[in-house]
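For reference, the structure discussed in these notes is given below.
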Amino acid sequence: MAAIMLSSARADGVPKDCSQLIMAIAPDWNSMRGKMQLFERSSGGPWTTVASPVPVLFGKNGLAWGSGIVGQSEEGLHKKERDGRAPAGIFAIGKVFGYDAKLPPGGDYPYHQVTEADVWSDDSRSPNYNRHIVIDPKNPPDNYTHEKMRSGDFAYHWLVEIRHNSDPPVPGAGSAIFFHIRRGVNRATTGCTTMAEPELVKMIAWFRSSRHPYYALLPAAEYEKKWRTWDLPAPEKTELRDKNSATR
């Protein structure tokens with residue numbers, strides 16, 4: 001993962017070594033729902049679709065610019081802790097976490113099976129803010145908030161880290177951003193991107209470390225402005241935009 005971070009830090013858009021891309025579009029900044037589609041490319045080639053788009057849910061209050069490889073320098077609203085918004089921009093994909101002993105069949109990506117000791121810090125006062133840490137669940141730290149990664153919640157059966165505010169974390173700029181299973185067709189999140197379990201499992205099995213997967217999330221109007229300079233799939237190659245929500 002260190003190689004991904006170093007190469008992405010100098011990127012103006014999707015890094016050249018990225019050949020797997022998850023692309024999601026929201027109709028506008030305040031939308032809690034949108035569509036997501038998977039893309040691949042060979043070295044120097046154009047993006048091609050892997051599958052049809054699937055419905056996804058974002059933050060209950062929509063989107064705000066996040067801190068990934070691009071997006072953090074944009075004008076406008078920026079992601080904050082507990083603002084109920086999903087981070088927009090382009091982000092590296094971190095580890096996959098899950099309840100099972102191994103990845104879904106066909107999976108080949110860094111994986112960590114979680115136990116009751118695995119948590120993700122959302123406490124901006126902590127030196128471990130926005131990090132995966134292992135604690136003693138019988139003697140947790142005092143005055144310390146975190147999200148349990150194995151709580152028995154079916155929605156967390158699989159977690160895929162979206163590397164927002166990671167290099168390094170800025171206190172208060174947002175934490176614990178993942179792909180995970182949706183809790184219902186109308187249950188938006190506090191900042192994650194969620195979908196039906198079969199779609200998430202397919203995506204996890206598709207990931208390959210050697211192909212450096214990234215996630216791009218944008219409102220439709222920003223996608224229209226930036227797809228070319230950020231090296232995203234061309235609009236005519238996607239099925240992500242609602243025909244009734246064309247940008248001006």
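The chains in the structure tokens are called A, B, ... from first to last as shown; in each chain the residues are counted from 1, and the ligands are counted from 1 in the order shown.
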
What are the DSSP strand (DSSP E or B) residues of stretch 199-228 of chain A, as JSON, numbers by chain? {"A": [208, 214, 215, 216, 217, 218, 219]}

Next, write the just-selected residues to a file, as a CSV table (one decimal), in the first residue's frame, keeping all heavy atoms as the atom set.
chain,number,residue,atom,x,y,z
A,208,ARG,N,-7.7,-6.5,-7.5
A,208,ARG,CA,-6.4,-7.0,-7.6
A,208,ARG,C,-5.4,-6.0,-7.2
A,208,ARG,O,-5.4,-4.9,-7.7
A,208,ARG,CB,-6.1,-7.5,-9.0
A,208,ARG,CG,-6.9,-8.7,-9.5
A,208,ARG,CD,-6.6,-10.0,-8.7
A,208,ARG,NE,-7.4,-11.1,-9.1
A,208,ARG,CZ,-8.5,-11.5,-8.6
A,208,ARG,NH1,-9.1,-10.7,-7.7
A,208,ARG,NH2,-9.1,-12.6,-9.1
A,214,TYR,N,-8.9,2.3,-7.5
A,214,TYR,CA,-9.3,3.6,-7.0
A,214,TYR,C,-10.8,3.8,-7.0
A,214,TYR,O,-11.4,3.1,-7.9
A,214,TYR,CB,-8.5,4.7,-7.7
A,214,TYR,CG,-7.1,4.9,-7.3
A,214,TYR,CD1,-6.1,4.0,-7.7
A,214,TYR,CD2,-6.7,5.9,-6.4
A,214,TYR,CE1,-4.8,4.2,-7.3
A,214,TYR,CE2,-5.4,6.1,-6.0
A,214,TYR,CZ,-4.5,5.2,-6.5
A,214,TYR,OH,-3.2,5.4,-6.1
A,215,TYR,N,-11.2,4.7,-6.2
A,215,TYR,CA,-12.7,5.1,-6.2
A,215,TYR,C,-12.8,6.5,-6.5
A,215,TYR,O,-12.2,7.4,-5.9
A,215,TYR,CB,-13.2,4.8,-4.8
A,215,TYR,CG,-14.7,5.2,-4.6
A,215,TYR,CD1,-15.6,4.9,-5.5
A,215,TYR,CD2,-15.1,5.8,-3.4
A,215,TYR,CE1,-17.0,5.2,-5.3
A,215,TYR,CE2,-16.4,6.1,-3.2
A,215,TYR,CZ,-17.4,5.8,-4.1
A,215,TYR,OH,-18.7,6.1,-3.9
A,216,ALA,N,-13.7,6.8,-7.5
A,216,ALA,CA,-14.0,8.2,-7.8
A,216,ALA,C,-15.5,8.4,-7.6
A,216,ALA,O,-16.3,7.7,-8.0
A,216,ALA,CB,-13.7,8.5,-9.3
A,217,LEU,N,-15.8,9.4,-6.8
A,217,LEU,CA,-17.2,9.8,-6.4
A,217,LEU,C,-17.4,11.3,-6.7
A,217,LEU,O,-16.6,12.1,-6.2
A,217,LEU,CB,-17.5,9.5,-5.0
A,217,LEU,CG,-18.8,10.1,-4.4
A,217,LEU,CD1,-20.0,9.6,-5.2
A,217,LEU,CD2,-19.0,9.7,-2.9
A,218,LEU,N,-18.4,11.7,-7.5
A,218,LEU,CA,-18.6,13.0,-7.9
A,218,LEU,C,-20.1,13.3,-8.1
A,218,LEU,O,-20.8,12.4,-8.5
A,218,LEU,CB,-17.9,13.4,-9.2
A,218,LEU,CG,-16.3,13.5,-9.1
A,218,LEU,CD1,-15.8,13.7,-10.5
A,218,LEU,CD2,-15.9,14.7,-8.3
A,219,PRO,N,-20.5,14.5,-7.8
A,219,PRO,CA,-21.9,14.9,-8.3
A,219,PRO,C,-21.8,15.0,-9.9
A,219,PRO,O,-20.7,15.2,-10.4
A,219,PRO,CB,-22.1,16.3,-7.7
A,219,PRO,CG,-21.1,16.4,-6.6
A,219,PRO,CD,-19.9,15.6,-7.0

Give me every helix (DSSP H, G or I) residue in stretch 100-239 of chain A, going by DSSP on the backbone, as a list in words. Phe154, Ala155, Tyr156, Glu197, Pro198, Glu199, Leu200, Val201, Lys202, Met203, Ile204, Ala205, Trp206, Ser209, Ser210, Arg211, Ala220, Ala221, Glu222, Tyr223, Glu224, Lys225, Lys226, Pro235, Glu236 and Lys237 of chain A

Using only C-alpha atoms, which of A:Gly152, A:Phe39, A:Val54, A:Lys237 sits nearest A:Glu199? A:Val54

Residue contacts of stretch 123-136 of chain A (7 Å, only C-alpha atoms) excluding same-chain residues fewer than 5 positions away, as a PyMOL selection string: chain A and resi 117-118+144-146+169+171-172+175-176

Using only C-alpha atoms, which residue out of A:Thr189, A:Ser121, A:Thr115, A:Gln20 lies closest to A:Glu147?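 Result for the nearest residue to A:Glu147: A:Ser121.
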
Which one is closest to A:Ile177: A:Ala86, A:Met203, A:Ile25, A:Ala220? Count only C-alpha atoms. A:Ala86

Between atom CA of A:Leu57 and atom CA of A:Met149, what is the spacing in Å? 19.9 Å

Long-range neighbours of A:Gln37 as a ChimeraX atom specification, 12 Å cut-off, only C-alpha atoms, 3 positions minimum in chain: /A:20-25,34,40,47-56,195,199-200,202-203,215-217,232-233,237-241

May I have the residues within 9 Å of stretch 88-104 of chain A as a PDB file with N, CA, C and O atoms, in the first residue's frame, using only C-alpha atoms and disregarding those fewer than 5 positions away in the same chain?
ATOM      1  N   MET A   1       0.822  -1.201   0.000  1.00  0.00           N
ATOM      2  CA  MET A   1       0.000   0.000   0.000  1.00  0.00           C
ATOM      3  C   MET A   1       0.855   1.250   0.000  1.00  0.00           C
ATOM      4  O   MET A   1       0.436   2.286  -0.479  1.00  0.00           O
ATOM      5  N   ILE A   4       1.302   2.707  -3.413  1.00  0.00           N
ATOM      6  CA  ILE A   4       0.121   3.408  -3.906  1.00  0.00           C
ATOM      7  C   ILE A   4       0.122   4.830  -3.395  1.00  0.00           C
ATOM      8  O   ILE A   4      -0.103   5.781  -4.122  1.00  0.00           O
ATOM      9  N   MET A   5       0.399   5.007  -2.104  1.00  0.00           N
ATOM     10  CA  MET A   5       0.352   6.333  -1.501  1.00  0.00           C
ATOM     11  C   MET A   5       1.386   7.257  -2.125  1.00  0.00           C
ATOM     12  O   MET A   5       1.110   8.403  -2.432  1.00  0.00           O
ATOM     13  N   SER A   8       0.385   8.152  -5.768  1.00  0.00           N
ATOM     14  CA  SER A   8      -0.829   8.935  -5.889  1.00  0.00           C
ATOM     15  C   SER A   8      -0.645  10.358  -5.407  1.00  0.00           C
ATOM     16  O   SER A   8      -1.372  11.251  -5.817  1.00  0.00           O
ATOM     17  N   GLY A  13      -5.023  13.259 -11.266  1.00  0.00           N
ATOM     18  CA  GLY A  13      -6.285  12.567 -11.442  1.00  0.00           C
ATOM     19  C   GLY A  13      -6.051  11.113 -11.125  1.00  0.00           C
ATOM     20  O   GLY A  13      -5.263  10.790 -10.239  1.00  0.00           O
ATOM     21  N   VAL A  14      -6.712  10.235 -11.860  1.00  0.00           N
ATOM     22  CA  VAL A  14      -6.486   8.807 -11.644  1.00  0.00           C
ATOM     23  C   VAL A  14      -5.031   8.480 -12.002  1.00  0.00           C
ATOM     24  O   VAL A  14      -4.568   8.818 -13.090  1.00  0.00           O
ATOM     25  N   LEU A  63     -23.003  14.872  -0.302  1.00  0.00           N
ATOM     26  CA  LEU A  63     -21.561  14.792  -0.523  1.00  0.00           C
ATOM     27  C   LEU A  63     -20.885  16.098  -0.122  1.00  0.00           C
ATOM     28  O   LEU A  63     -21.534  17.143  -0.030  1.00  0.00           O
ATOM     29  N   ALA A  64     -19.579  16.015   0.127  1.00  0.00           N
ATOM     30  CA  ALA A  64     -18.713  17.184   0.309  1.00  0.00           C
ATOM     31  C   ALA A  64     -17.328  16.779  -0.177  1.00  0.00           C
ATOM     32  O   ALA A  64     -16.992  15.589  -0.199  1.00  0.00           O
ATOM     33  N   TRP A  65     -16.516  17.738  -0.588  1.00  0.00           N
ATOM     34  CA  TRP A  65     -15.181  17.390  -1.051  1.00  0.00           C
ATOM     35  C   TRP A  65     -14.391  16.669   0.035  1.00  0.00           C
ATOM     36  O   TRP A  65     -14.379  17.109   1.192  1.00  0.00           O
ATOM     37  N   GLY A  66     -13.748  15.576  -0.339  1.00  0.00           N
ATOM     38  CA  GLY A  66     -12.931  14.819   0.591  1.00  0.00           C
ATOM     39  C   GLY A  66     -11.454  15.078   0.377  1.00  0.00           C
ATOM     40  O   GLY A  66     -11.053  15.937  -0.406  1.00  0.00           O
ATOM     41  N   SER A  67     -10.639  14.311   1.081  1.00  0.00           N
ATOM     42  CA  SER A  67      -9.184  14.427   0.994  1.00  0.00           C
ATOM     43  C   SER A  67      -8.621  13.077   0.555  1.00  0.00           C
ATOM     44  O   SER A  67      -8.462  12.157   1.358  1.00  0.00           O
ATOM     45  N   GLY A  68      -8.367  12.970  -0.753  1.00  0.00           N
ATOM     46  CA  GLY A  68      -7.807  11.746  -1.310  1.00  0.00           C
ATOM     47  C   GLY A  68      -6.588  12.089  -2.131  1.00  0.00           C
ATOM     48  O   GLY A  68      -5.662  12.719  -1.642  1.00  0.00           O
ATOM     49  N   ILE A  69      -6.609  11.712  -3.418  1.00  0.00           N
ATOM     50  CA  ILE A  69      -5.500  12.119  -4.278  1.00  0.00           C
ATOM     51  C   ILE A  69      -5.849  13.398  -5.039  1.00  0.00           C
ATOM     52  O   ILE A  69      -4.960  14.122  -5.471  1.00  0.00           O
ATOM     53  N   VAL A  70      -7.150  13.647  -5.235  1.00  0.00           N
ATOM     54  CA  VAL A  70      -7.621  14.938  -5.745  1.00  0.00           C
ATOM     55  C   VAL A  70      -8.959  15.240  -5.076  1.00  0.00           C
ATOM     56  O   VAL A  70      -9.653  14.336  -4.627  1.00  0.00           O
ATOM     57  N   GLY A  71      -9.300  16.513  -5.020  1.00  0.00           N
ATOM     58  CA  GLY A  71     -10.558  16.930  -4.412  1.00  0.00           C
ATOM     59  C   GLY A  71     -10.373  17.882  -3.261  1.00  0.00           C
ATOM     60  O   GLY A  71     -11.155  18.812  -3.065  1.00  0.00           O
ATOM     61  N   GLN A  72      -9.305  17.676  -2.476  1.00  0.00           N
ATOM     62  CA  GLN A  72      -9.104  18.467  -1.270  1.00  0.00           C
ATOM     63  C   GLN A  72      -8.808  19.932  -1.539  1.00  0.00           C
ATOM     64  O   GLN A  72      -8.982  20.777  -0.654  1.00  0.00           O
ATOM     65  N   HIS A  78     -16.373  21.079   2.363  1.00  0.00           N
ATOM     66  CA  HIS A  78     -15.432  19.979   2.579  1.00  0.00           C
ATOM     67  C   HIS A  78     -15.895  19.091   3.730  1.00  0.00           C
ATOM     68  O   HIS A  78     -16.503  19.564   4.690  1.00  0.00           O
ATOM     69  N   LYS A  79     -15.591  17.819   3.606  1.00  0.00           N
ATOM     70  CA  LYS A  79     -15.998  16.804   4.573  1.00  0.00           C
ATOM     71  C   LYS A  79     -15.476  17.117   5.970  1.00  0.00           C
ATOM     72  O   LYS A  79     -14.304  17.459   6.154  1.00  0.00           O
ATOM     73  N   TYR A 109      -6.628  -9.840  -2.591  1.00  0.00           N
ATOM     74  CA  TYR A 109      -6.388  -8.462  -2.174  1.00  0.00           C
ATOM     75  C   TYR A 109      -6.040  -8.482  -0.686  1.00  0.00           C
ATOM     76  O   TYR A 109      -6.431  -9.417   0.029  1.00  0.00           O
ATOM     77  N   PRO A 110      -5.314  -7.473  -0.186  1.00  0.00           N
ATOM     78  CA  PRO A 110      -4.988  -7.459   1.249  1.00  0.00           C
ATOM     79  C   PRO A 110      -6.256  -7.544   2.109  1.00  0.00           C
ATOM     80  O   PRO A 110      -7.199  -6.772   1.907  1.00  0.00           O
ATOM     81  N   TYR A 111      -6.233  -8.478   3.048  1.00  0.00           N
ATOM     82  CA  TYR A 111      -7.444  -8.776   3.828  1.00  0.00           C
ATOM     83  C   TYR A 111      -7.093  -8.978   5.295  1.00  0.00           C
ATOM     84  O   TYR A 111      -6.055  -9.532   5.635  1.00  0.00           O
ATOM     85  N   HIS A 112      -8.018  -8.531   6.151  1.00  0.00           N
ATOM     86  CA  HIS A 112      -7.865  -8.724   7.597  1.00  0.00           C
ATOM     87  C   HIS A 112      -9.192  -9.200   8.171  1.00  0.00           C
ATOM     88  O   HIS A 112     -10.215  -8.516   8.035  1.00  0.00           O
ATOM     89  N   GLN A 113      -9.168 -10.371   8.804  1.00  0.00           N
ATOM     90  CA  GLN A 113     -10.367 -10.858   9.481  1.00  0.00           C
ATOM     91  C   GLN A 113     -10.484 -10.163  10.833  1.00  0.00           C
ATOM     92  O   GLN A 113      -9.562 -10.211  11.643  1.00  0.00           O
ATOM     93  N   VAL A 114     -11.616  -9.525  11.078  1.00  0.00           N
ATOM     94  CA  VAL A 114     -11.773  -8.746  12.291  1.00  0.00           C
ATOM     95  C   VAL A 114     -12.310  -9.598  13.436  1.00  0.00           C
ATOM     96  O   VAL A 114     -13.011 -10.580  13.241  1.00  0.00           O
ATOM     97  N   THR A 115     -11.944  -9.183  14.643  1.00  0.00           N
ATOM     98  CA  THR A 115     -12.455  -9.780  15.872  1.00  0.00           C
ATOM     99  C   THR A 115     -13.026  -8.650  16.724  1.00  0.00           C
ATOM    100  O   THR A 115     -13.061  -7.483  16.309  1.00  0.00           O
ATOM    101  N   MET A 149     -15.480  -2.907  14.614  1.00  0.00           N
ATOM    102  CA  MET A 149     -15.479  -3.461  13.274  1.00  0.00           C
ATOM    103  C   MET A 149     -16.098  -4.849  13.215  1.00  0.00           C
ATOM    104  O   MET A 149     -16.366  -5.369  12.130  1.00  0.00           O
ATOM    105  N   ARG A 150     -16.326  -5.427  14.388  1.00  0.00           N
ATOM    106  CA  ARG A 150     -17.070  -6.689  14.452  1.00  0.00           C
ATOM    107  C   ARG A 150     -18.080  -6.578  15.591  1.00  0.00           C
ATOM    108  O   ARG A 150     -17.833  -7.002  16.712  1.00  0.00           O
ATOM    109  N   GLY A 152     -21.340  -7.602  15.100  1.00  0.00           N
ATOM    110  CA  GLY A 152     -22.470  -8.477  14.805  1.00  0.00           C
ATOM    111  C   GLY A 152     -23.436  -7.853  13.818  1.00  0.00           C
ATOM    112  O   GLY A 152     -24.391  -8.491  13.382  1.00  0.00           O
ATOM    113  N   TYR A 156     -21.673  -4.670   8.372  1.00  0.00           N
ATOM    114  CA  TYR A 156     -20.217  -4.614   8.452  1.00  0.00           C
ATOM    115  C   TYR A 156     -19.565  -5.958   8.155  1.00  0.00           C
ATOM    116  O   TYR A 156     -18.371  -6.125   8.404  1.00  0.00           O
ATOM    117  N   HIS A 157     -20.362  -6.908   7.642  1.00  0.00           N
ATOM    118  CA  HIS A 157     -19.779  -8.227   7.338  1.00  0.00           C
ATOM    119  C   HIS A 157     -18.570  -8.076   6.420  1.00  0.00           C
ATOM    120  O   HIS A 157     -17.580  -8.795   6.553  1.00  0.00           O
ATOM    121  N   TRP A 158     -18.667  -7.135   5.481  1.00  0.00           N
ATOM    122  CA  TRP A 158     -17.526  -6.784   4.630  1.00  0.00           C
ATOM    123  C   TRP A 158     -17.343  -5.274   4.683  1.00  0.00           C
ATOM    124  O   TRP A 158     -18.302  -4.519   4.518  1.00  0.00           O
ATOM    125  N   LEU A 159     -16.108  -4.840   4.916  1.00  0.00           N
ATOM    126  CA  LEU A 159     -15.764  -3.427   4.911  1.00  0.00           C
ATOM    127  C   LEU A 159     -14.576  -3.230   3.972  1.00  0.00           C
ATOM    128  O   LEU A 159     -13.596  -3.963   4.054  1.00  0.00           O
ATOM    129  N   VAL A 160     -14.678  -2.246   3.098  1.00  0.00           N
ATOM    130  CA  VAL A 160     -13.576  -1.907   2.194  1.00  0.00           C
ATOM    131  C   VAL A 160     -13.168  -0.468   2.497  1.00  0.00           C
ATOM    132  O   VAL A 160     -13.979   0.453   2.378  1.00  0.00           O
ATOM    133  N   GLU A 161     -11.927  -0.277   2.900  1.00  0.00           N
ATOM    134  CA  GLU A 161     -11.470   1.060   3.269  1.00  0.00           C
ATOM    135  C   GLU A 161     -11.353   1.970   2.053  1.00  0.00           C
ATOM    136  O   GLU A 161     -10.671   1.663   1.082  1.00  0.00           O
ATOM    137  N   ILE A 162     -12.033   3.109   2.114  1.00  0.00           N
ATOM    138  CA  ILE A 162     -11.878   4.198   1.156  1.00  0.00           C
ATOM    139  C   ILE A 162     -10.925   5.189   1.809  1.00  0.00           C
ATOM    140  O   ILE A 162     -11.228   5.762   2.850  1.00  0.00           O
ATOM    141  N   ARG A 163      -9.766   5.396   1.203  1.00  0.00           N
ATOM    142  CA  ARG A 163      -8.703   6.133   1.888  1.00  0.00           C
ATOM    143  C   ARG A 163      -8.890   7.656   1.802  1.00  0.00           C
ATOM    144  O   ARG A 163      -8.141   8.371   1.155  1.00  0.00           O
ATOM    145  N   HIS A 164      -9.915   8.101   2.504  1.00  0.00           N
ATOM    146  CA  HIS A 164     -10.166   9.528   2.696  1.00  0.00           C
ATOM    147  C   HIS A 164      -9.454   9.994   3.963  1.00  0.00           C
ATOM    148  O   HIS A 164      -9.481   9.304   4.983  1.00  0.00           O
ATOM    149  N   VAL A 201     -19.831  -8.013  -2.692  1.00  0.00           N
ATOM    150  CA  VAL A 201     -19.013  -9.226  -2.760  1.00  0.00           C
ATOM    151  C   VAL A 201     -18.372  -9.377  -4.140  1.00  0.00           C
ATOM    152  O   VAL A 201     -17.189  -9.727  -4.260  1.00  0.00           O
ATOM    153  N   LYS A 202     -19.131  -9.081  -5.199  1.00  0.00           N
ATOM    154  CA  LYS A 202     -18.570  -9.141  -6.557  1.00  0.00           C
ATOM    155  C   LYS A 202     -17.401  -8.167  -6.701  1.00  0.00           C
ATOM    156  O   LYS A 202     -16.377  -8.492  -7.309  1.00  0.00           O
ATOM    157  N   ILE A 204     -15.431  -6.953  -4.330  1.00  0.00           N
ATOM    158  CA  ILE A 204     -14.286  -7.406  -3.538  1.00  0.00           C
ATOM    159  C   ILE A 204     -13.537  -8.524  -4.268  1.00  0.00           C
ATOM    160  O   ILE A 204     -12.299  -8.545  -4.301  1.00  0.00           O
ATOM    161  N   ALA A 205     -14.280  -9.459  -4.866  1.00  0.00           N
ATOM    162  CA  ALA A 205     -13.639 -10.559  -5.593  1.00  0.00           C
ATOM    163  C   ALA A 205     -12.921 -10.073  -6.847  1.00  0.00           C
ATOM    164  O   ALA A 205     -11.980 -10.720  -7.323  1.00  0.00           O
ATOM    165  N   HIS A 212      -4.062  -1.763  -8.788  1.00  0.00           N
ATOM    166  CA  HIS A 212      -4.174  -0.493  -8.070  1.00  0.00           C
ATOM    167  C   HIS A 212      -5.567   0.136  -8.172  1.00  0.00           C
ATOM    168  O   HIS A 212      -5.741   1.190  -8.783  1.00  0.00           O
ATOM    169  N   PRO A 213      -6.572  -0.484  -7.569  1.00  0.00           N
ATOM    170  CA  PRO A 213      -7.929   0.061  -7.681  1.00  0.00           C
ATOM    171  C   PRO A 213      -8.101   1.395  -6.944  1.00  0.00           C
ATOM    172  O   PRO A 213      -7.515   1.615  -5.885  1.00  0.00           O
ATOM    173  N   TYR A 214      -8.912   2.265  -7.540  1.00  0.00           N
ATOM    174  CA  TYR A 214      -9.260   3.561  -6.960  1.00  0.00           C
ATOM    175  C   TYR A 214     -10.764   3.775  -7.047  1.00  0.00           C
ATOM    176  O   TYR A 214     -11.450   3.129  -7.862  1.00  0.00           O
ATOM    177  N   TYR A 215     -11.238   4.700  -6.223  1.00  0.00           N
ATOM    178  CA  TYR A 215     -12.662   5.053  -6.193  1.00  0.00           C
ATOM    179  C   TYR A 215     -12.818   6.521  -6.534  1.00  0.00           C
ATOM    180  O   TYR A 215     -12.169   7.378  -5.917  1.00  0.00           O
ATOM    181  N   ALA A 216     -13.684   6.826  -7.499  1.00  0.00           N
ATOM    182  CA  ALA A 216     -14.019   8.207  -7.842  1.00  0.00           C
ATOM    183  C   ALA A 216     -15.498   8.425  -7.558  1.00  0.00           C
ATOM    184  O   ALA A 216     -16.347   7.671  -8.049  1.00  0.00           O
ATOM    185  N   LEU A 217     -15.807   9.449  -6.766  1.00  0.00           N
ATOM    186  CA  LEU A 217     -17.181   9.821  -6.442  1.00  0.00           C
ATOM    187  C   LEU A 217     -17.360  11.306  -6.704  1.00  0.00           C
ATOM    188  O   LEU A 217     -16.602  12.126  -6.166  1.00  0.00           O
ATOM    189  N   LEU A 218     -18.362  11.653  -7.519  1.00  0.00           N
ATOM    190  CA  LEU A 218     -18.609  13.047  -7.870  1.00  0.00           C
ATOM    191  C   LEU A 218     -20.095  13.296  -8.098  1.00  0.00           C
ATOM    192  O   LEU A 218     -20.818  12.399  -8.549  1.00  0.00           O
ATOM    193  N   PRO A 219     -20.544  14.517  -7.828  1.00  0.00           N
ATOM    194  CA  PRO A 219     -21.866  14.916  -8.330  1.00  0.00           C
ATOM    195  C   PRO A 219     -21.809  15.017  -9.852  1.00  0.00           C
ATOM    196  O   PRO A 219     -20.736  15.247 -10.426  1.00  0.00           O
ATOM    197  N   TRP A 230      -9.250  14.608 -15.115  1.00  0.00           N
ATOM    198  CA  TRP A 230      -8.992  13.629 -14.063  1.00  0.00           C
ATOM    199  C   TRP A 230      -8.852  12.213 -14.613  1.00  0.00           C
ATOM    200  O   TRP A 230      -8.743  11.264 -13.849  1.00  0.00           O
TER     201      TRP A 230
END
